[in-house]
$ cat work.csv   # CSV, C-alpha atoms
chain,number,residue,atom,x,y,z
A,43,MET,CA,254.5,31.4,-55.7
A,44,ALA,CA,254.0,31.0,-51.9
A,45,TRP,CA,254.1,27.6,-50.3
A,46,HIS,CA,252.5,26.2,-47.2
A,47,VAL,CA,254.1,23.5,-45.0
A,48,ARG,CA,252.4,21.8,-42.0
A,49,GLY,CA,254.2,19.3,-39.8
A,50,VAL,CA,256.0,18.8,-36.5
A,51,VAL,CA,258.7,21.5,-36.7
A,52,LEU,CA,262.0,20.7,-34.9
A,53,PRO,CA,263.5,21.6,-32.5
A,54,ASP,CA,260.3,23.1,-31.1
A,55,ASP,CA,258.4,19.8,-31.3
A,56,GLU,CA,255.2,21.5,-32.2
A,57,VAL,CA,252.8,21.0,-35.1
A,58,ARG,CA,253.0,24.3,-36.9
A,59,ASP,CA,252.0,25.9,-40.2
A,60,LEU,CA,254.8,27.6,-42.2
A,61,TRP,CA,254.4,29.8,-45.2
A,62,LEU,CA,257.3,30.3,-47.5
A,63,VAL,CA,257.2,33.6,-49.5
A,64,GLY,CA,260.2,34.0,-51.7
A,65,ASP,CA,263.2,33.2,-49.6
A,66,ARG,CA,261.6,33.8,-46.3
A,67,VAL,CA,259.5,32.0,-43.7
A,68,THR,CA,256.5,33.5,-42.0
A,69,PHE,CA,253.9,32.1,-39.5
A,70,SER,CA,251.2,34.5,-40.9
A,71,PRO,CA,248.8,32.8,-43.3
A,72,VAL,CA,249.3,33.7,-46.9
A,73,PRO,CA,246.1,33.5,-49.0
A,74,GLY,CA,246.5,31.3,-52.1
A,75,ALA,CA,249.6,29.5,-50.9
A,76,ARG,CA,249.9,26.0,-52.2
A,77,THR,CA,250.3,23.2,-49.6
A,78,ILE,CA,253.4,21.1,-50.4
A,79,ALA,CA,253.7,19.1,-47.2
A,80,ASP,CA,251.0,18.2,-44.7
A,81,GLY,CA,252.4,15.9,-42.0
A,82,GLY,CA,255.8,14.6,-41.2
A,83,PHE,CA,258.8,16.1,-39.4
A,84,VAL,CA,260.2,19.4,-40.6
A,85,LEU,CA,263.8,20.5,-40.0
A,86,PRO,CA,265.7,23.6,-41.1
A,87,GLY,CA,267.9,22.5,-44.1
A,88,LEU,CA,270.9,20.4,-43.2
A,89,ILE,CA,274.5,21.7,-43.3
A,90,ASP,CA,277.8,20.0,-44.3
A,91,ALA,CA,280.2,22.1,-42.3
A,92,HIS,CA,283.3,20.6,-43.9
A,93,CYS,CA,282.9,20.1,-47.6
A,94,HIS,CA,284.9,20.9,-50.8
A,95,ILE,CA,282.9,21.5,-54.0
A,96,GLY,CA,286.1,22.8,-55.5
A,97,ILE,CA,288.0,19.5,-55.4
A,98,ALA,CA,287.1,16.6,-57.7
A,99,ARG,CA,287.1,12.9,-56.8
A,100,GLY,CA,290.7,11.8,-56.5
A,101,GLY,CA,291.9,15.1,-55.2
A,102,ALA,CA,292.5,17.3,-58.3
A,103,PRO,CA,291.1,20.8,-58.4
A,104,ILE,CA,287.9,21.3,-60.4
A,105,THR,CA,288.3,23.3,-63.6
A,106,SER,CA,284.9,24.8,-64.1
A,107,LEU,CA,281.9,26.2,-62.4
A,108,ASP,CA,279.8,23.5,-63.8
A,109,GLN,CA,281.8,20.9,-62.0
A,110,ALA,CA,281.3,22.8,-58.7
A,111,ARG,CA,277.5,23.0,-59.4
A,112,GLU,CA,277.4,19.2,-60.1
A,113,LEU,CA,279.0,18.4,-56.8
A,114,ALA,CA,276.9,20.9,-54.8
A,115,ARG,CA,273.7,19.4,-56.3
A,116,VAL,CA,274.7,15.9,-55.0
A,117,ASP,CA,274.8,17.4,-51.5
A,118,ARG,CA,271.6,19.4,-52.0
A,119,ASP,CA,269.7,16.3,-53.1
A,120,ALA,CA,270.7,14.6,-49.8
A,121,GLY,CA,269.1,17.5,-47.9
A,122,VAL,CA,272.2,19.6,-47.4
A,123,LEU,CA,271.1,23.1,-48.1
A,124,ALA,CA,274.1,25.0,-46.8
A,125,ILE,CA,277.8,24.2,-47.1
A,126,ARG,CA,280.9,25.5,-45.4
A,127,ASP,CA,283.4,25.0,-48.1
A,128,ALA,CA,286.6,24.4,-46.1
A,129,GLY,CA,289.1,25.4,-48.8
A,130,SER,CA,288.9,25.4,-52.6
A,131,PRO,CA,291.7,25.7,-55.2
A,132,PHE,CA,289.0,27.0,-57.6
A,133,PRO,CA,287.3,30.3,-56.9
A,134,TYR,CA,283.5,30.4,-57.4
A,135,PRO,CA,282.0,33.5,-55.7
A,136,GLU,CA,279.4,33.5,-58.5
A,137,LEU,CA,277.8,30.5,-56.8
A,138,ASP,CA,277.1,32.2,-53.5
A,139,ASP,CA,273.6,33.3,-54.6
A,140,GLU,CA,272.7,30.7,-57.3
A,141,PRO,CA,269.1,29.9,-56.7
A,142,ASP,CA,269.2,26.1,-57.0
A,143,LEU,CA,272.5,25.5,-55.1
A,144,PRO,CA,273.1,25.3,-51.3
A,145,ARG,CA,274.1,28.5,-49.5
A,146,LEU,CA,277.9,28.8,-49.2
A,147,ALA,CA,280.3,29.8,-46.5
A,148,ARG,CA,283.7,29.8,-48.2
A,149,ALA,CA,287.2,29.8,-47.0
A,150,GLY,CA,289.3,30.7,-50.1
A,151,ARG,CA,292.3,28.4,-50.6
A,152,HIS,CA,294.0,26.4,-48.0
A,153,VAL,CA,297.1,28.1,-46.5
A,154,ALA,CA,299.7,25.3,-46.4
A,155,PRO,CA,303.4,24.7,-45.8
A,156,PRO,CA,305.7,24.3,-48.9
A,157,LYS,CA,305.7,20.8,-50.4
A,158,ARG,CA,303.8,19.3,-47.5
A,159,TYR,CA,300.2,19.2,-48.7
A,160,LEU,CA,298.1,17.9,-51.5
A,161,ARG,CA,299.5,19.0,-54.8
A,162,ASP,CA,297.8,22.1,-56.4
A,163,ILE,CA,295.2,22.4,-53.6
A,164,GLY,CA,296.7,25.0,-51.2
A,165,VAL,CA,298.7,28.2,-51.3
A,166,GLU,CA,302.0,26.9,-50.1
A,167,VAL,CA,304.1,29.5,-48.1
A,168,GLY,CA,306.9,29.7,-45.7
A,169,ALA,CA,306.6,31.2,-42.2
A,170,ALA,CA,307.4,34.7,-43.3
A,171,GLU,CA,304.5,34.8,-45.7
A,172,VAL,CA,301.8,33.1,-43.7
A,173,ALA,CA,300.1,36.1,-42.1
A,174,ALA,CA,299.9,38.1,-45.4
A,175,THR,CA,298.6,35.0,-47.2
A,176,VAL,CA,295.9,34.5,-44.6
A,177,ALA,CA,294.8,38.1,-45.1
A,178,ALA,CA,294.6,37.6,-48.9
A,179,GLN,CA,292.6,34.4,-48.5
A,180,ALA,CA,290.3,36.1,-46.1
A,181,ARG,CA,289.4,38.4,-49.0
A,182,ALA,CA,289.0,35.5,-51.4
A,183,GLY,CA,286.5,33.8,-49.1
A,184,ASN,CA,283.3,35.1,-47.5
A,185,GLY,CA,283.9,34.7,-43.8
A,186,TRP,CA,286.5,31.9,-43.3
A,187,VAL,CA,290.1,31.0,-43.8
A,188,LYS,CA,291.5,27.5,-43.8
A,189,LEU,CA,294.9,26.7,-42.3
A,190,VAL,CA,296.8,23.4,-42.7
A,191,GLY,CA,298.1,22.9,-39.2
A,192,ASP,CA,300.1,19.7,-39.8
A,193,TRP,CA,301.0,17.1,-42.5
A,194,ILE,CA,303.6,14.4,-42.8
A,195,ASP,CA,307.2,15.8,-42.6
A,196,ARG,CA,309.2,13.3,-44.6
A,197,GLY,CA,312.4,14.4,-42.9
A,198,VAL,CA,310.8,13.4,-39.5
A,199,GLY,CA,308.9,10.4,-40.9
A,200,ASP,CA,305.7,11.4,-39.1
A,201,LEU,CA,303.2,14.2,-38.7
A,202,ALA,CA,304.6,17.6,-37.6
A,203,PRO,CA,303.2,21.1,-37.3
A,204,SER,CA,303.3,23.1,-40.5
A,205,TRP,CA,305.2,26.1,-39.1
A,206,ASP,CA,306.5,27.1,-35.7
A,207,ALA,CA,304.0,28.0,-32.9
A,208,ASP,CA,304.5,31.8,-33.2
A,209,THR,CA,303.8,31.7,-36.9
A,210,MET,CA,300.7,29.6,-36.4
A,211,THR,CA,299.4,31.9,-33.6
A,212,ALA,CA,300.0,34.9,-35.8
A,213,ALA,CA,298.0,33.2,-38.6
A,214,VAL,CA,295.0,33.0,-36.4
A,215,GLU,CA,295.5,36.6,-35.3
A,216,ALA,CA,295.7,37.7,-39.0
A,217,ALA,CA,292.4,36.0,-39.7
A,218,HIS,CA,290.7,37.7,-36.9
A,219,ALA,CA,292.2,41.1,-37.8
A,220,ALA,CA,290.7,40.5,-41.3
A,221,GLY,CA,287.3,40.0,-39.8
A,222,VAL,CA,287.0,36.3,-40.6
A,223,ARG,CA,287.0,33.0,-38.6
A,224,ALA,CA,289.8,30.5,-38.9
A,225,ALA,CA,289.5,26.8,-39.4
A,226,VAL,CA,292.4,24.4,-39.0
A,227,HIS,CA,293.1,21.0,-40.5
A,228,THR,CA,294.9,19.0,-37.9
A,229,PHE,CA,295.6,15.3,-37.2
A,230,SER,CA,298.6,15.5,-34.8
A,231,GLU,CA,298.7,16.1,-31.0
A,232,SER,CA,301.2,18.9,-31.2
A,233,ALA,CA,299.5,21.1,-33.9
A,234,VAL,CA,296.1,20.9,-32.4
A,235,ASP,CA,297.4,22.0,-29.1
A,236,ILE,CA,299.1,25.1,-30.7
A,237,MET,CA,296.0,26.1,-32.6
A,238,VAL,CA,293.4,25.7,-29.9
A,239,ARG,CA,295.5,27.8,-27.6
A,240,ALA,CA,296.0,30.3,-30.4
A,241,GLY,CA,292.3,30.8,-30.5
A,242,VAL,CA,291.3,29.1,-33.7
A,243,ASP,CA,287.6,29.0,-34.3
A,244,SER,CA,287.1,25.5,-35.5
A,245,VAL,CA,289.2,22.3,-35.4
A,246,GLU,CA,288.8,20.1,-38.4
A,247,HIS,CA,289.3,16.4,-37.7
A,248,GLY,CA,291.1,16.9,-34.4
A,249,THR,CA,292.3,13.3,-34.0
A,250,GLY,CA,295.2,14.4,-31.7
A,251,LEU,CA,293.0,16.0,-29.1
A,252,SER,CA,293.8,15.3,-25.4
A,253,LEU,CA,291.3,15.5,-22.5
A,254,ASP,CA,293.0,18.6,-21.3
A,255,LEU,CA,292.7,20.3,-24.6
A,256,ILE,CA,289.0,19.2,-25.0
A,257,ASP,CA,288.3,21.0,-21.7
A,258,GLU,CA,290.1,24.1,-23.1
A,259,MET,CA,288.0,23.9,-26.3
A,260,ALA,CA,284.8,23.7,-24.2
A,261,ARG,CA,285.9,26.7,-22.2
A,262,ARG,CA,286.6,28.8,-25.3
A,263,GLY,CA,283.6,27.6,-27.3
A,264,THR,CA,286.0,26.2,-30.1
A,265,ALA,CA,284.0,24.0,-32.5
A,266,LEU,CA,285.0,20.5,-33.6
A,267,ILE,CA,284.1,19.1,-37.0
A,268,PRO,CA,285.2,15.4,-36.6
A,269,THR,CA,284.6,14.2,-40.2
A,270,MET,CA,284.4,10.6,-38.9
A,271,ILE,CA,283.9,9.3,-42.5
A,272,ASN,CA,287.3,10.8,-43.3
A,273,ILE,CA,289.0,9.3,-40.3
A,274,ARG,CA,287.9,5.8,-41.4
A,275,THR,CA,290.2,6.2,-44.4
A,276,PHE,CA,293.3,6.3,-42.2
A,277,GLY,CA,293.9,2.5,-42.7
A,278,GLY,CA,294.4,3.0,-46.4
A,279,ILE,CA,296.7,6.0,-45.8
A,280,ALA,CA,298.8,3.9,-43.4
A,281,ASP,CA,299.0,1.0,-45.9
A,282,GLN,CA,300.4,3.2,-48.6
A,283,ALA,CA,302.9,4.9,-46.2
A,284,ARG,CA,304.1,1.9,-44.2
A,285,GLU,CA,307.1,0.9,-46.3
A,286,LYS,CA,308.7,4.3,-46.3
A,287,PHE,CA,307.3,5.8,-43.1
A,288,PRO,CA,306.4,3.0,-40.7
A,289,GLY,CA,306.2,5.4,-37.7
A,290,TYR,CA,303.8,7.6,-39.5
A,291,ALA,CA,301.6,4.6,-40.5
A,292,GLU,CA,301.4,3.3,-36.9
A,293,HIS,CA,300.6,6.8,-35.7
A,294,MET,CA,297.7,7.2,-38.1
A,295,LEU,CA,296.3,3.9,-37.1
A,296,ALA,CA,296.5,4.8,-33.4
A,297,LEU,CA,294.8,8.2,-34.1
A,298,ARG,CA,292.0,6.4,-36.0
A,299,ASP,CA,291.4,3.8,-33.3
A,300,ARG,CA,291.1,6.2,-30.4
A,301,PHE,CA,289.1,8.8,-32.3
A,302,PRO,CA,285.6,7.7,-31.4
A,303,GLU,CA,286.5,8.1,-27.7
A,304,VAL,CA,288.0,11.5,-28.4
A,305,VAL,CA,284.7,12.7,-30.0
A,306,ARG,CA,282.7,11.1,-27.2
A,307,SER,CA,284.8,13.0,-24.7
A,308,ALA,CA,284.4,16.3,-26.6
A,309,TYR,CA,280.6,15.8,-26.7
A,310,GLU,CA,280.4,15.0,-23.0
A,311,ALA,CA,282.6,18.1,-22.2
A,312,GLY,CA,280.2,20.4,-24.1
A,313,VAL,CA,282.4,21.2,-27.1
A,314,PRO,CA,280.3,22.4,-30.0
A,315,ILE,CA,280.3,19.7,-32.6
A,316,TYR,CA,279.0,20.1,-36.2
A,317,VAL,CA,278.4,17.6,-39.0
A,318,GLY,CA,281.0,17.7,-41.8
A,319,THR,CA,282.0,15.0,-44.2
A,320,ASP,CA,285.2,16.3,-45.9
A,321,ALA,CA,283.5,15.5,-49.2
A,322,GLY,CA,285.8,16.2,-52.2
A,323,GLY,CA,288.9,14.3,-53.0
A,324,GLY,CA,288.7,11.0,-51.1
A,325,ILE,CA,285.2,11.3,-49.8
A,326,ASP,CA,282.1,11.2,-52.0
A,327,HIS,CA,279.5,14.0,-51.8
A,328,GLY,CA,276.0,13.4,-50.4
A,329,LEU,CA,277.1,11.5,-47.3
A,330,ALA,CA,275.9,13.9,-44.5
A,331,ALA,CA,273.4,11.3,-43.3
A,332,GLU,CA,276.1,8.7,-42.9
A,333,GLU,CA,278.3,11.1,-40.9
A,334,MET,CA,275.3,11.8,-38.7
A,335,LEU,CA,274.9,8.1,-38.0
A,336,LEU,CA,278.6,7.7,-37.2
A,337,LEU,CA,278.3,10.5,-34.6
A,338,ARG,CA,275.5,8.6,-32.9
A,339,GLU,CA,277.0,5.1,-33.2
A,340,GLN,CA,280.6,5.8,-32.6
A,341,ALA,CA,280.6,8.9,-30.5
A,342,GLY,CA,277.4,8.3,-28.5
A,343,MET,CA,275.7,11.5,-29.4
A,344,SER,CA,271.9,11.5,-28.9
A,345,ASN,CA,269.7,11.6,-31.9
A,346,LEU,CA,268.5,15.1,-31.0
A,347,ASP,CA,272.0,16.5,-30.6
A,348,VAL,CA,273.1,14.9,-33.9
A,349,LEU,CA,270.2,16.6,-35.6
A,350,ALA,CA,271.1,19.9,-34.0
A,351,ALA,CA,274.7,19.5,-35.2
A,352,ALA,CA,273.5,19.0,-38.7
A,353,SER,CA,270.6,21.5,-38.8
A,354,TRP,CA,269.4,24.3,-36.5
A,355,ARG,CA,272.5,24.7,-34.3
A,356,ALA,CA,274.9,24.4,-37.2
A,357,ARG,CA,272.9,26.9,-39.2
A,358,GLU,CA,273.0,29.4,-36.3
A,359,TRP,CA,276.8,28.9,-36.1
A,360,LEU,CA,277.3,29.7,-39.8
A,361,GLY,CA,274.8,32.6,-39.8
A,362,PHE,CA,272.0,30.9,-41.8
A,363,PRO,CA,268.8,31.5,-39.9
A,364,GLY,CA,266.4,28.6,-39.5
A,365,LEU,CA,262.6,28.2,-39.4
A,366,VAL,CA,261.8,31.4,-37.5
A,367,GLU,CA,259.8,34.4,-38.5
A,368,GLY,CA,261.7,36.0,-41.3
A,369,GLY,CA,264.2,33.1,-41.4
A,370,LEU,CA,265.4,31.5,-44.6
A,371,ALA,CA,263.1,29.3,-46.6
A,372,ASP,CA,265.3,26.1,-46.4
A,373,LEU,CA,263.8,23.0,-45.1
A,374,VAL,CA,263.6,19.2,-45.3
A,375,VAL,CA,260.6,17.1,-44.4
A,376,TYR,CA,260.9,13.4,-43.3
A,377,PRO,CA,257.9,11.0,-43.1
A,378,GLU,CA,259.3,9.4,-39.9
A,379,ASP,CA,260.6,11.0,-36.7
A,380,PRO,CA,264.4,11.2,-37.0
A,381,ARG,CA,264.6,11.6,-33.2
A,382,VAL,CA,263.3,8.1,-32.9
A,383,ASP,CA,265.2,6.5,-35.8
A,384,LEU,CA,268.0,8.6,-37.1
A,385,ARG,CA,268.1,6.6,-40.3
A,386,ALA,CA,265.2,8.6,-41.4
A,387,VAL,CA,267.6,11.4,-42.5
A,388,ARG,CA,268.7,9.3,-45.4
A,389,ASP,CA,265.4,9.8,-47.2
A,390,PRO,CA,263.9,13.3,-47.1
A,391,ALA,CA,260.4,13.4,-48.7
A,392,ARG,CA,260.5,17.1,-49.4
A,393,ILE,CA,263.4,19.5,-49.9
A,394,VAL,CA,262.9,23.3,-50.3
A,395,LEU,CA,265.9,25.5,-50.9
A,396,ARG,CA,265.7,29.3,-51.0
A,397,GLY,CA,261.9,28.9,-51.3
A,398,ARG,CA,262.2,26.7,-54.4
A,399,VAL,CA,260.9,23.1,-54.3
A,400,ILE,CA,263.7,20.8,-55.1
A,401,ARG,CA,261.9,17.6,-54.2
$ encode --input "work.csv" --output "structure tokens"
Amino acid sequence: MAWHVRGVVLPDDEVRDLWLVGDRVTFSPVPGARTIADGGFVLPGLIDAHCHIGIARGGAPITSLDQARELARVDRDAGVLAIRDAGSPFPYPELDDEPDLPRLARAGRHVAPPKRYLRDIGVEVGAAEVAATVAAQARAGNGWVKLVGDWIDRGVGDLAPSWDADTMTAAVEAAHAAGVRAAVHTFSESAVDIMVRAGVDSVEHGTGLSLDLIDEMARRGTALIPTMINIRTFGGIADQAREKFPGYAEHMLALRDRFPEVVRSAYEAGVPIYVGTDAGGGIDHGLAAEEMLLLREQAGMSNLDVLAAASWRAREWLGFPGLVEGGLADLVVYPEDPRVDLRAVRDPARIVLRGRVIR
């Protein structure tokens, strides 16, 4: 079955006719195609660039492919048609090409320091094993590895880098030597400084960023995925830690409170920013629209730039072509113009994934 879609196609801002044949887009008319949308605003399918369909609510690893499917469908039904899974304790390469699930860019398991990360989630290794573990996880994913750049050090009573700077730099080099890109989880000031200067490809969260480091990211083209929904949970983290680790608790609150200005500064400096929710564990799936609204309301991004960060620009970054001749047949249609009122992204009227009509 071939489909026909007509509407204002973004970002071109032109009324266009699209024909979807199998999993591809064409601008050439296809006789007999059925019209499934006539009017509205058409975007390439949304992306959640920091998501975990391998982690169940509460933080435990999933135990079956069906659980991963269920979580991925929640995101899909919100218009997210591609996911960068930023670390999964459960392998699921079988889902890469499953017809009714979002496209997947996968990072394998988190590479984490011993006894300083979420239980059962990462591969926990000492400094001597980091580079080899990164190479192994590069083979387990399909284009990314995920490094845990910092976590609480109970001996210090605060956030601290996972390993020494030379080890963390070698980890990034090992990822690149394996032909994949490296993402780093980081909250602290010290770890993000090490990793940006080491050449990491994306900073996840990045609450410890300084103005100088933001300029360095802009110069290098290093991406930032702020996960602002996740940062809002820092108050609860601080409350749980305050009795034993008061310095850590106050640090987390300070990072939370300054973060909107950090993201605003990164945006103004030209750092590539992409939408990611950190769904899985403590964050529910299906919240990409809410993350988009936070980027506008708290970080001051324009509606158009938020849409780009969640759609066409993010897709290009991850290698999922948009609504171009021969591009992928993933799209969402909104009745109202999301450039005028971004809240429109909460309610897609039509969702097409891999050329299949989902809604």
$ closest_atom_pairs --input "work.csv" --of "range 144-168 of chain A" --to "range 186-199 of chain A" --cutoff "10 Å" --atoms "all atoms listed in the file" --output "CSV"
residue,atom,partner,partner_atom,distance
A:Ala147,CA,A:Trp186,CA,7.3
A:Arg148,CA,A:Trp186,CA,6.0
A:Ala149,CA,A:Trp186,CA,4.3
A:Gly150,CA,A:Val187,CA,6.4
A:Arg151,CA,A:Lys188,CA,6.9
A:His152,CA,A:Lys188,CA,5.0
A:Val153,CA,A:Leu189,CA,4.9
A:Ala154,CA,A:Val190,CA,5.1
A:Pro155,CA,A:Val190,CA,7.4
A:Lys157,CA,A:Asp195,CA,9.4
A:Arg158,CA,A:Trp193,CA,6.1
A:Tyr159,CA,A:Trp193,CA,6.6
A:Leu160,CA,A:Trp193,CA,9.5
A:Gly164,CA,A:Val190,CA,8.6
A:Val165,CA,A:Leu189,CA,9.9
A:Glu166,CA,A:Val190,CA,9.7
$ residues_around --input "work.csv" --residues "Met210 in chain A" --least-positions-apart "2" --cutoff "10 Å" --atoms "all atoms listed in the file" --output "ChimeraX atom specification"
/A:169,172-173,189-191,203-208,212-216,233,236-237,240,242
$ residues_around --input "work.csv" --residues "Ala180 in chain A" --least-positions-apart "3" --cutoff "7 Å" --atoms "only C-alpha atoms" --output "VMD selection string"
chain A and resid 150 176 to 177 183 185 to 187 217 220 222
$ residues_around --input "work.csv" --residues "Val304 in chain A" --least-positions-apart "6" --cutoff "9 Å" --atoms "all atoms listed in the file" --output "PyMOL selection string"
chain A and resi 248-253+256+341
$ axis_aligned_box --input "work.csv" --around "range 121-133 of chain A" --padding-each-side "6 Å" --output "JSON"
{"center_x": 280.4, "center_y": 23.9, "center_z": -51.5, "size_x": 34.6, "size_y": 24.8, "size_z": 24.2}
$ atom_distance --input "work.csv" --atom1 "CA of Lys286 in chain A" --atom2 "CA of Ser230 in chain A"
19.0 Å
$ closest_atom_pairs --input "work.csv" --of "range 289-334 of chain A" --to "range 356-359 of chain A" --cutoff "9 Å" --atoms "all atoms listed in the file" --output "JSON lines"
{"residue": "A:Ile315", "atom": "CA", "partner": "A:Ala356", "partner_atom": "CA", "distance": 8.5}
{"residue": "A:Tyr316", "atom": "CA", "partner": "A:Ala356", "partner_atom": "CA", "distance": 6.0}
{"residue": "A:Val317", "atom": "CA", "partner": "A:Ala356", "partner_atom": "CA", "distance": 7.9}
$ decode --input "work.csv" --residues "range 351-365 of chain A" --atoms "N, CA, C and O atoms" --output "JSON list (two decimals), in the first residue's frame"
[["chain", "number", "residue", "atom", "x", "y", "z"],
["A", 351, "ALA", "N", 15.46, 20.35, 17.20],
["A", 351, "ALA", "CA", 16.19, 19.53, 18.16],
["A", 351, "ALA", "C", 15.50, 18.20, 18.43],
["A", 351, "ALA", "O", 16.13, 17.25, 18.92],
["A", 352, "ALA", "N", 14.22, 18.12, 18.12],
["A", 352, "ALA", "CA", 13.45, 16.90, 18.34],
["A", 352, "ALA", "C", 13.13, 16.18, 17.04],
["A", 352, "ALA", "O", 12.65, 15.04, 17.09],
["A", 353, "SER", "N", 13.39, 16.81, 15.90],
["A", 353, "SER", "CA", 12.94, 16.23, 14.64],
["A", 353, "SER", "C", 14.06, 16.25, 13.60],
["A", 353, "SER", "O", 15.00, 15.47, 13.69],
["A", 354, "TRP", "N", 14.00, 17.12, 12.61],
["A", 354, "TRP", "CA", 14.87, 17.00, 11.44],
["A", 354, "TRP", "C", 16.36, 17.11, 11.78],
["A", 354, "TRP", "O", 17.18, 16.36, 11.24],
["A", 355, "ARG", "N", 16.74, 18.01, 12.67],
["A", 355, "ARG", "CA", 18.16, 18.15, 12.99],
["A", 355, "ARG", "C", 18.66, 16.96, 13.81],
["A", 355, "ARG", "O", 19.77, 16.46, 13.59],
["A", 356, "ALA", "N", 17.83, 16.49, 14.74],
["A", 356, "ALA", "CA", 18.21, 15.32, 15.53],
["A", 356, "ALA", "C", 18.29, 14.07, 14.66],
["A", 356, "ALA", "O", 19.19, 13.24, 14.84],
["A", 357, "ARG", "N", 17.38, 13.94, 13.72],
["A", 357, "ARG", "CA", 17.42, 12.78, 12.83],
["A", 357, "ARG", "C", 18.70, 12.79, 11.99],
["A", 357, "ARG", "O", 19.33, 11.74, 11.79],
["A", 358, "GLU", "N", 19.06, 13.94, 11.48],
["A", 358, "GLU", "CA", 20.30, 14.03, 10.70],
["A", 358, "GLU", "C", 21.50, 13.63, 11.56],
["A", 358, "GLU", "O", 22.40, 12.92, 11.10],
["A", 359, "TRP", "N", 21.53, 14.10, 12.80],
["A", 359, "TRP", "CA", 22.63, 13.78, 13.71],
["A", 359, "TRP", "C", 22.76, 12.28, 13.94],
["A", 359, "TRP", "O", 23.88, 11.74, 13.99],
["A", 360, "LEU", "N", 21.64, 11.60, 14.06],
["A", 360, "LEU", "CA", 21.66, 10.16, 14.32],
["A", 360, "LEU", "C", 21.69, 9.32, 13.07],
["A", 360, "LEU", "O", 21.79, 8.09, 13.15],
["A", 361, "GLY", "N", 21.59, 9.96, 11.89],
["A", 361, "GLY", "CA", 21.67, 9.21, 10.65],
["A", 361, "GLY", "C", 20.36, 8.62, 10.18],
["A", 361, "GLY", "O", 20.35, 7.60, 9.46],
["A", 362, "PHE", "N", 19.24, 9.23, 10.55],
["A", 362, "PHE", "CA", 17.91, 8.79, 10.12],
["A", 362, "PHE", "C", 17.33, 9.85, 9.19],
["A", 362, "PHE", "O", 16.75, 10.84, 9.68],
["A", 363, "PRO", "N", 17.46, 9.71, 7.88],
["A", 363, "PRO", "CA", 17.01, 10.77, 6.95],
["A", 363, "PRO", "C", 15.55, 11.15, 7.15],
["A", 363, "PRO", "O", 14.71, 10.32, 7.51],
["A", 364, "GLY", "N", 15.28, 12.43, 6.92],
["A", 364, "GLY", "CA", 13.93, 12.97, 7.10],
["A", 364, "GLY", "C", 13.11, 12.91, 5.83],
["A", 364, "GLY", "O", 13.26, 12.01, 5.00],
["A", 365, "LEU", "N", 12.23, 13.90, 5.68],
["A", 365, "LEU", "CA", 11.26, 13.90, 4.58],
["A", 365, "LEU", "C", 11.86, 14.53, 3.33],
["A", 365, "LEU", "O", 11.47, 15.60, 2.88]]
